[in-house]
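S.K.: This is entry21.cif, which holds mmCIF, N, CA and C atoms:
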```cif
data_target
#
loop_
_atom_site.label_atom_id
_atom_site.label_comp_id
_atom_site.auth_asym_id
_atom_site.auth_seq_id
_atom_site.Cartn_x
_atom_site.Cartn_y
_atom_site.Cartn_z
N MET A 188 -24.07 36.69 5.16
CA MET A 188 -23.23 35.54 5.46
C MET A 188 -23.48 35.04 6.88
N LEU A 189 -23.66 35.97 7.81
CA LEU A 189 -23.93 35.59 9.19
C LEU A 189 -25.27 34.86 9.30
N ASN A 190 -26.24 35.32 8.52
CA ASN A 190 -27.55 34.64 8.53
C ASN A 190 -27.45 33.21 8.02
N LEU A 191 -26.57 32.98 7.04
CA LEU A 191 -26.39 31.64 6.49
C LEU A 191 -25.82 30.70 7.56
N PHE A 192 -24.84 31.18 8.33
CA PHE A 192 -24.26 30.36 9.40
C PHE A 192 -25.28 30.08 10.50
N LYS A 193 -26.11 31.07 10.82
CA LYS A 193 -27.15 30.86 11.83
C LYS A 193 -28.15 29.81 11.37
N LYS A 194 -28.48 29.85 10.08
CA LYS A 194 -29.43 28.88 9.53
C LYS A 194 -28.86 27.47 9.62
N PHE A 195 -27.59 27.29 9.24
CA PHE A 195 -26.97 25.97 9.30
C PHE A 195 -26.83 25.50 10.75
N TRP A 196 -26.55 26.41 11.65
CA TRP A 196 -26.35 26.05 13.05
C TRP A 196 -27.65 25.56 13.68
N SER A 197 -28.76 26.19 13.32
CA SER A 197 -30.03 25.85 13.96
C SER A 197 -30.79 24.73 13.23
N GLU A 198 -30.37 24.37 12.05
CA GLU A 198 -31.06 23.33 11.30
C GLU A 198 -30.77 21.97 11.90
N GLU A 199 -31.83 21.17 12.13
CA GLU A 199 -31.68 19.88 12.80
C GLU A 199 -32.24 18.74 11.96
N SER A 200 -32.32 18.90 10.66
CA SER A 200 -32.95 17.86 9.84
C SER A 200 -32.12 16.58 9.77
N GLY A 201 -30.81 16.67 9.86
CA GLY A 201 -29.97 15.48 9.81
C GLY A 201 -29.76 14.82 11.15
N GLN A 202 -30.22 15.46 12.20
CA GLN A 202 -30.01 14.93 13.55
C GLN A 202 -30.72 13.60 13.75
N GLY A 203 -31.92 13.47 13.26
CA GLY A 203 -32.68 12.22 13.44
C GLY A 203 -32.01 11.05 12.77
N MET A 204 -31.47 11.26 11.57
CA MET A 204 -30.79 10.18 10.85
C MET A 204 -29.54 9.72 11.60
N ALA A 205 -28.80 10.66 12.17
CA ALA A 205 -27.61 10.30 12.94
C ALA A 205 -27.99 9.49 14.18
N GLU A 206 -29.06 9.86 14.83
CA GLU A 206 -29.51 9.12 16.01
C GLU A 206 -29.94 7.70 15.63
N TYR A 207 -30.65 7.56 14.52
CA TYR A 207 -31.04 6.22 14.07
C TYR A 207 -29.81 5.38 13.74
N GLY A 208 -28.79 6.00 13.16
CA GLY A 208 -27.56 5.28 12.86
C GLY A 208 -26.86 4.80 14.12
N LEU A 209 -26.82 5.63 15.15
CA LEU A 209 -26.19 5.22 16.41
C LEU A 209 -26.96 4.11 17.10
N ILE A 210 -28.28 4.19 17.06
CA ILE A 210 -29.11 3.14 17.66
C ILE A 210 -28.91 1.83 16.91
N LEU A 211 -28.86 1.89 15.59
CA LEU A 211 -28.65 0.69 14.78
C LEU A 211 -27.29 0.06 15.07
N ALA A 212 -26.27 0.89 15.22
CA ALA A 212 -24.93 0.37 15.53
C ALA A 212 -24.92 -0.30 16.90
N LEU A 213 -25.59 0.29 17.88
CA LEU A 213 -25.64 -0.31 19.22
C LEU A 213 -26.39 -1.65 19.19
N ILE A 214 -27.48 -1.71 18.46
CA ILE A 214 -28.22 -2.96 18.35
C ILE A 214 -27.37 -4.04 17.68
N ALA A 215 -26.61 -3.65 16.65
CA ALA A 215 -25.75 -4.61 15.96
C ALA A 215 -24.69 -5.17 16.89
N VAL A 216 -24.09 -4.31 17.72
CA VAL A 216 -23.06 -4.77 18.66
C VAL A 216 -23.66 -5.75 19.67
N VAL A 217 -24.84 -5.45 20.18
CA VAL A 217 -25.50 -6.33 21.16
C VAL A 217 -25.85 -7.67 20.52
N VAL A 218 -26.37 -7.65 19.31
CA VAL A 218 -26.75 -8.90 18.62
C VAL A 218 -25.51 -9.75 18.34
N ILE A 219 -24.44 -9.13 17.89
CA ILE A 219 -23.22 -9.89 17.62
C ILE A 219 -22.68 -10.52 18.90
N GLY A 220 -22.69 -9.77 19.98
CA GLY A 220 -22.23 -10.31 21.26
C GLY A 220 -23.09 -11.46 21.74
N ALA A 221 -24.41 -11.32 21.61
CA ALA A 221 -25.31 -12.38 22.05
C ALA A 221 -25.14 -13.63 21.20
N LEU A 222 -25.02 -13.47 19.90
CA LEU A 222 -24.86 -14.64 19.04
C LEU A 222 -23.51 -15.33 19.29
N THR A 223 -22.50 -14.57 19.59
CA THR A 223 -21.20 -15.17 19.91
C THR A 223 -21.29 -16.00 21.18
N ALA A 224 -21.94 -15.45 22.21
CA ALA A 224 -22.09 -16.17 23.47
C ALA A 224 -22.95 -17.42 23.29
N ILE A 225 -24.04 -17.30 22.57
CA ILE A 225 -24.92 -18.45 22.34
C ILE A 225 -24.20 -19.50 21.50
N GLY A 226 -23.47 -19.07 20.49
CA GLY A 226 -22.75 -20.01 19.63
C GLY A 226 -21.71 -20.81 20.39
N THR A 227 -21.01 -20.15 21.31
CA THR A 227 -20.02 -20.85 22.13
C THR A 227 -20.69 -21.87 23.03
N GLY A 228 -21.81 -21.50 23.61
CA GLY A 228 -22.54 -22.44 24.47
C GLY A 228 -23.05 -23.64 23.70
N ILE A 229 -23.58 -23.42 22.52
CA ILE A 229 -24.09 -24.53 21.70
C ILE A 229 -22.93 -25.44 21.27
N LEU A 230 -21.79 -24.84 20.91
CA LEU A 230 -20.63 -25.64 20.52
C LEU A 230 -20.18 -26.52 21.68
N ASN A 231 -20.17 -25.97 22.88
CA ASN A 231 -19.79 -26.77 24.05
C ASN A 231 -20.78 -27.91 24.30
N ASN A 232 -22.07 -27.65 24.09
CA ASN A 232 -23.07 -28.71 24.26
C ASN A 232 -22.86 -29.83 23.25
N PHE A 233 -22.65 -29.49 22.00
CA PHE A 233 -22.43 -30.52 20.98
C PHE A 233 -21.15 -31.30 21.25
N ASN A 234 -20.11 -30.62 21.69
CA ASN A 234 -18.87 -31.32 22.02
C ASN A 234 -19.06 -32.27 23.19
N GLY A 235 -19.85 -31.85 24.18
CA GLY A 235 -20.15 -32.73 25.31
C GLY A 235 -20.91 -33.97 24.90
N VAL A 236 -21.89 -33.80 24.02
CA VAL A 236 -22.66 -34.94 23.52
C VAL A 236 -21.76 -35.87 22.72
N ALA A 237 -20.92 -35.30 21.87
CA ALA A 237 -20.02 -36.11 21.05
C ALA A 237 -19.05 -36.87 21.92
N ASN A 238 -18.52 -36.24 22.96
CA ASN A 238 -17.61 -36.95 23.87
C ASN A 238 -18.33 -38.06 24.61
N ALA A 239 -19.58 -37.83 25.00
CA ALA A 239 -20.34 -38.86 25.70
C ALA A 239 -20.63 -40.05 24.81
N LEU A 240 -20.78 -39.80 23.51
CA LEU A 240 -21.03 -40.87 22.57
C LEU A 240 -19.75 -41.55 22.11
N GLY A 241 -18.60 -41.01 22.50
CA GLY A 241 -17.33 -41.62 22.15
C GLY A 241 -16.77 -41.14 20.84
N GLY A 242 -17.30 -40.08 20.27
CA GLY A 242 -16.79 -39.56 19.01
C GLY A 242 -15.69 -38.54 19.23
N SER A 243 -15.07 -38.16 18.16
CA SER A 243 -14.04 -37.13 18.25
C SER A 243 -14.68 -35.79 17.91
N THR A 244 -14.12 -34.73 18.48
CA THR A 244 -14.68 -33.41 18.24
C THR A 244 -13.62 -32.54 17.55
N THR A 245 -14.11 -31.69 16.74
CA THR A 245 -13.22 -30.68 16.12
C THR A 245 -13.90 -29.33 16.31
N SER A 246 -13.11 -28.33 16.59
CA SER A 246 -13.69 -26.99 16.72
C SER A 246 -13.22 -26.15 15.55
N PRO A 247 -14.10 -25.31 15.04
CA PRO A 247 -13.78 -24.53 13.84
C PRO A 247 -12.70 -23.50 14.09
#
```
Represent the supplied structure as C-alpha coordinates.

M.R.:
Amino acid sequence: MLNLFKKFWSEESGQGMAEYGLILALIAVVVIGALTAIGTGILNNFNGVANALGGSTTSP
(Lines of atoms letter the chains of each structure in order from A and count residues from 1; the text may use other names and numbers.)
(Lines give C-alpha, C1' and ligand atoms only; values in the text may rest on other atoms or scores of the structure.)
Protein backbone atom coordinates (compact mmCIF):
# COMPACT_ATOMS: atom_id res chain seq x y z
CA MET A 1 0.00 0.00 0.00
CA LEU A 2 2.86 2.36 0.82
CA ASN A 3 4.44 1.63 -2.56
CA LEU A 4 1.18 2.56 -4.28
CA PHE A 5 1.12 5.97 -2.55
CA LYS A 6 4.77 6.57 -3.45
CA LYS A 7 4.01 5.76 -7.08
CA PHE A 8 1.08 8.20 -7.21
CA TRP A 9 3.09 10.89 -5.43
CA SER A 10 6.02 10.72 -7.84
CA GLU A 11 4.00 10.33 -11.04
CA GLU A 12 3.97 13.56 -13.08
CA SER A 13 2.12 12.57 -16.24
CA GLY A 14 -0.82 14.92 -15.61
CA GLN A 15 1.37 17.86 -14.68
CA GLY A 16 1.98 18.95 -18.27
CA MET A 17 -1.73 19.04 -19.09
CA ALA A 18 -2.45 21.20 -16.04
CA GLU A 19 0.28 23.63 -17.05
CA TYR A 20 -1.10 23.88 -20.58
CA GLY A 21 -4.54 24.57 -19.11
CA LEU A 22 -3.20 27.40 -16.95
CA ILE A 23 -1.32 28.94 -19.87
CA LEU A 24 -4.43 28.74 -22.05
CA ALA A 25 -6.53 30.41 -19.34
CA LEU A 26 -3.98 33.23 -18.99
CA ILE A 27 -3.91 33.78 -22.75
CA ALA A 28 -7.72 33.88 -22.84
CA VAL A 29 -7.82 36.53 -20.10
CA VAL A 30 -5.26 38.70 -21.92
CA VAL A 31 -7.08 38.38 -25.26
CA ILE A 32 -10.44 39.26 -23.72
CA GLY A 33 -8.93 42.30 -22.01
CA ALA A 34 -7.23 43.46 -25.20
CA LEU A 35 -10.36 43.05 -27.31
CA THR A 36 -12.42 44.93 -24.74
CA ALA A 37 -9.96 47.84 -24.75
CA ILE A 38 -9.73 47.89 -28.55
CA GLY A 39 -13.52 47.63 -28.91
CA THR A 40 -14.06 50.61 -26.62
CA GLY A 41 -11.54 52.67 -28.58
CA ILE A 42 -13.12 51.79 -31.92
CA LEU A 43 -16.60 52.61 -30.56
CA ASN A 44 -15.35 56.02 -29.43
CA ASN A 45 -13.83 56.66 -32.88
CA PHE A 46 -17.07 55.79 -34.67
CA ASN A 47 -19.07 57.95 -32.28
CA GLY A 48 -16.70 60.85 -32.91
CA VAL A 49 -17.06 60.49 -36.67
CA ALA A 50 -20.84 60.25 -36.38
CA ASN A 51 -20.97 63.37 -34.21
CA ALA A 52 -18.77 65.23 -36.69
CA LEU A 53 -21.12 64.28 -39.50
CA GLY A 54 -24.12 65.43 -37.48
CA GLY A 55 -25.66 62.00 -36.92
CA SER A 56 -26.98 60.53 -33.74
CA THR A 57 -25.08 57.82 -31.90
CA THR A 58 -26.29 54.89 -29.93
CA SER A 59 -24.13 52.67 -27.79
CA PRO A 60 -24.92 49.00 -27.33

S.K.: What is the distance, in Å and to one decimal place, between CA of Asn234 (chain A) and CA of Leu222 (chain A)?

M.R.: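 Separation of CA of Asn234 (chain A) and CA of Leu222 (chain A): 18.0 Å.
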
S.K.: Quick one: pull the distance between CA of Ala212 (chain A) and atom N of Asn231 (chain A), Å, one decimal.

M.R.: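 Separating CA of Ala212 (chain A) from atom N of Asn231 (chain A) is a distance of 27.8 Å.
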
S.K.: Quick one, how far is CA of Val216 (chain A) from CA of Gly203 (chain A)?

M.R.: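 These two atoms are separated by 20.2 Å.
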